[in-house]
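A short write-up of the structure that comes next.
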Amino acid sequence: MLYTEDCLVYPVLQKFYSALASLKAVNPDDYIFENIPKIDAFFQEFRNITFVMQKNFSTPELKAFYEAKRETYLSNDNMAWFVDIRNKITKESPFKLEKAISLKIY
């Protein structure tokens with residue numbers, strides 16, 4: 001099957017868009033339990049970007065390209081945190097979202 005650059009990148013961009021759409025749906029005015037699934041969806045979709053890339057970048061050249069970019073952009077403490085959070089929300093419990101409330105009494 002012949003792939004063009006558009007065919008390779010489109011599913012990756014779609015996952016990225018889905019992740020951002022989930023995050024954009026978070027509303028601080030909503031009840032806290034309405035936001036938690038939106039944040040969970042963000043982490044799942046954000047992490048799934050790499051899974052889509054691994055599947056679509058299937059030729060030896062594209063695999064080498066992906067591995068080089070993975071080392072540059074994904075092998076760091078921040079991205080490890082994303083992987084850890086994604087694993088926790090899919091296997092253990094929802095994202096722990098807290099609200100801070102400030103009361104002023106006059």
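Numbering starts fresh at 1 for the residues of each chain in the structure tokens, the chains themselves are lettered A, B, ... in the order given, and ligands are numbered from 1 as they appear.
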I'd like the neighbourhood of Leu23 (chain A) as a PyMOL selection string, where a residue qualifies if any of its atoms comes within 8 Å (using only C-alpha atoms), though same-chain residues fewer than 5 positions away should be ignored.
chain A and resi 38-39+42
Could you save the residues just selected, with N, CA, C and O atoms, as a PDB file, in the first residue's frame?
```
ATOM      1  N   LYS A  38     -13.163  14.544  31.031  1.00  0.00           N
ATOM      2  CA  LYS A  38     -12.580  15.324  29.935  1.00  0.00           C
ATOM      3  C   LYS A  38     -11.052  15.336  30.049  1.00  0.00           C
ATOM      4  O   LYS A  38     -10.348  15.224  29.042  1.00  0.00           O
ATOM      5  N   ILE A  39     -10.568  15.453  31.266  1.00  0.00           N
ATOM      6  CA  ILE A  39      -9.117  15.433  31.480  1.00  0.00           C
ATOM      7  C   ILE A  39      -8.577  14.030  31.230  1.00  0.00           C
ATOM      8  O   ILE A  39      -7.526  13.860  30.601  1.00  0.00           O
ATOM      9  N   PHE A  42      -8.276  13.572  27.580  1.00  0.00           N
ATOM     10  CA  PHE A  42      -7.099  14.277  27.055  1.00  0.00           C
ATOM     11  C   PHE A  42      -5.849  13.426  27.194  1.00  0.00           C
ATOM     12  O   PHE A  42      -5.094  13.253  26.233  1.00  0.00           O
TER      13      PHE A  42
END
```
Residues of region 4-105 of chain A in alpha helix (DSSP H), written as a ChimeraX atom specification
/A:5-24,32-56,60-69,77-91
Tell me which of A:Arg47, A:Val12, A:Asn35, A:Glu61 sits closest to Met79 (chain A), counting only C-alpha atoms.
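Ranking A:Arg47, A:Val12, A:Asn35, A:Glu61 by distance to Met79 (chain A), first place goes to A:Arg47.
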Could you name the residues that touch Leu20 (chain A) at 10 Å or less, counting only C-alpha atoms, but leaving out those on the same chain fewer than 5 positions away, as a PDB file with N, CA, C and O atoms, in the first residue's frame?
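Written out: selection.pdb:
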```pdb
ATOM      1  N   GLN A  14      -5.200  13.922  13.775  1.00  0.00           N
ATOM      2  CA  GLN A  14      -6.548  13.698  14.290  1.00  0.00           C
ATOM      3  C   GLN A  14      -6.516  13.364  15.778  1.00  0.00           C
ATOM      4  O   GLN A  14      -7.323  13.868  16.561  1.00  0.00           O
ATOM      5  N   LYS A  15      -5.566  12.537  16.196  1.00  0.00           N
ATOM      6  CA  LYS A  15      -5.418  12.219  17.625  1.00  0.00           C
ATOM      7  C   LYS A  15      -5.027  13.462  18.415  1.00  0.00           C
ATOM      8  O   LYS A  15      -5.515  13.691  19.520  1.00  0.00           O
ATOM      9  N   ALA A  25     -12.714  21.287  26.295  1.00  0.00           N
ATOM     10  CA  ALA A  25     -14.049  21.090  26.871  1.00  0.00           C
ATOM     11  C   ALA A  25     -14.068  21.275  28.390  1.00  0.00           C
ATOM     12  O   ALA A  25     -15.130  21.419  28.986  1.00  0.00           O
ATOM     13  N   ALA A  41      -9.805  11.865  29.153  1.00  0.00           N
ATOM     14  CA  ALA A  41      -9.821  11.694  27.693  1.00  0.00           C
ATOM     15  C   ALA A  41      -8.628  12.396  27.054  1.00  0.00           C
ATOM     16  O   ALA A  41      -8.025  11.875  26.106  1.00  0.00           O
ATOM     17  N   PHE A  42      -8.276  13.572  27.580  1.00  0.00           N
ATOM     18  CA  PHE A  42      -7.099  14.277  27.055  1.00  0.00           C
ATOM     19  C   PHE A  42      -5.849  13.426  27.194  1.00  0.00           C
ATOM     20  O   PHE A  42      -5.094  13.253  26.233  1.00  0.00           O
ATOM     21  N   PHE A  43      -5.597  12.901  28.380  1.00  0.00           N
ATOM     22  CA  PHE A  43      -4.383  12.100  28.590  1.00  0.00           C
ATOM     23  C   PHE A  43      -4.381  10.844  27.724  1.00  0.00           C
ATOM     24  O   PHE A  43      -3.341  10.459  27.181  1.00  0.00           O
ATOM     25  N   GLU A  45      -5.957  10.360  24.778  1.00  0.00           N
ATOM     26  CA  GLU A  45      -5.751  10.725  23.376  1.00  0.00           C
ATOM     27  C   GLU A  45      -4.334  11.245  23.137  1.00  0.00           C
ATOM     28  O   GLU A  45      -3.724  10.924  22.119  1.00  0.00           O
ATOM     29  N   PHE A  46      -3.816  12.022  24.059  1.00  0.00           N
ATOM     30  CA  PHE A  46      -2.463  12.560  23.900  1.00  0.00           C
ATOM     31  C   PHE A  46      -1.447  11.432  23.842  1.00  0.00           C
ATOM     32  O   PHE A  46      -0.550  11.436  23.013  1.00  0.00           O
TER      33      PHE A  46
END
```
Which residue, A:Ile89, A:Val83, A:Cys7, A:Ala64, has the smallest gap to Phe51 (chain A) when you use only C-alpha atoms?
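Looking at the shortest contact to Phe51 (chain A), the residue is A:Val83.
CA of Tyr31 (chain A) sits 14.0 Å away from CA of Lys96 (chain A).
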Between CA of Phe57 (chain A) and CA of Pro11 (chain A), distance in Å (one decimal):
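Rounded to one decimal, the two atoms are 11.2 Å apart.
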May I ask for the distance between CA of Ala21 (chain A) and CA of Asp84 (chain A), given in Å to one decimal place?
21.3 Å
Here is a test: counting only C-alpha atoms, which residue of A:Thr90, A:Tyr17, A:Tyr73, A:Phe95 is nearest to Ile32 (chain A)?
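Comparing A:Thr90, A:Tyr17, A:Tyr73, A:Phe95 against Ile32 (chain A), the winner is A:Phe95.
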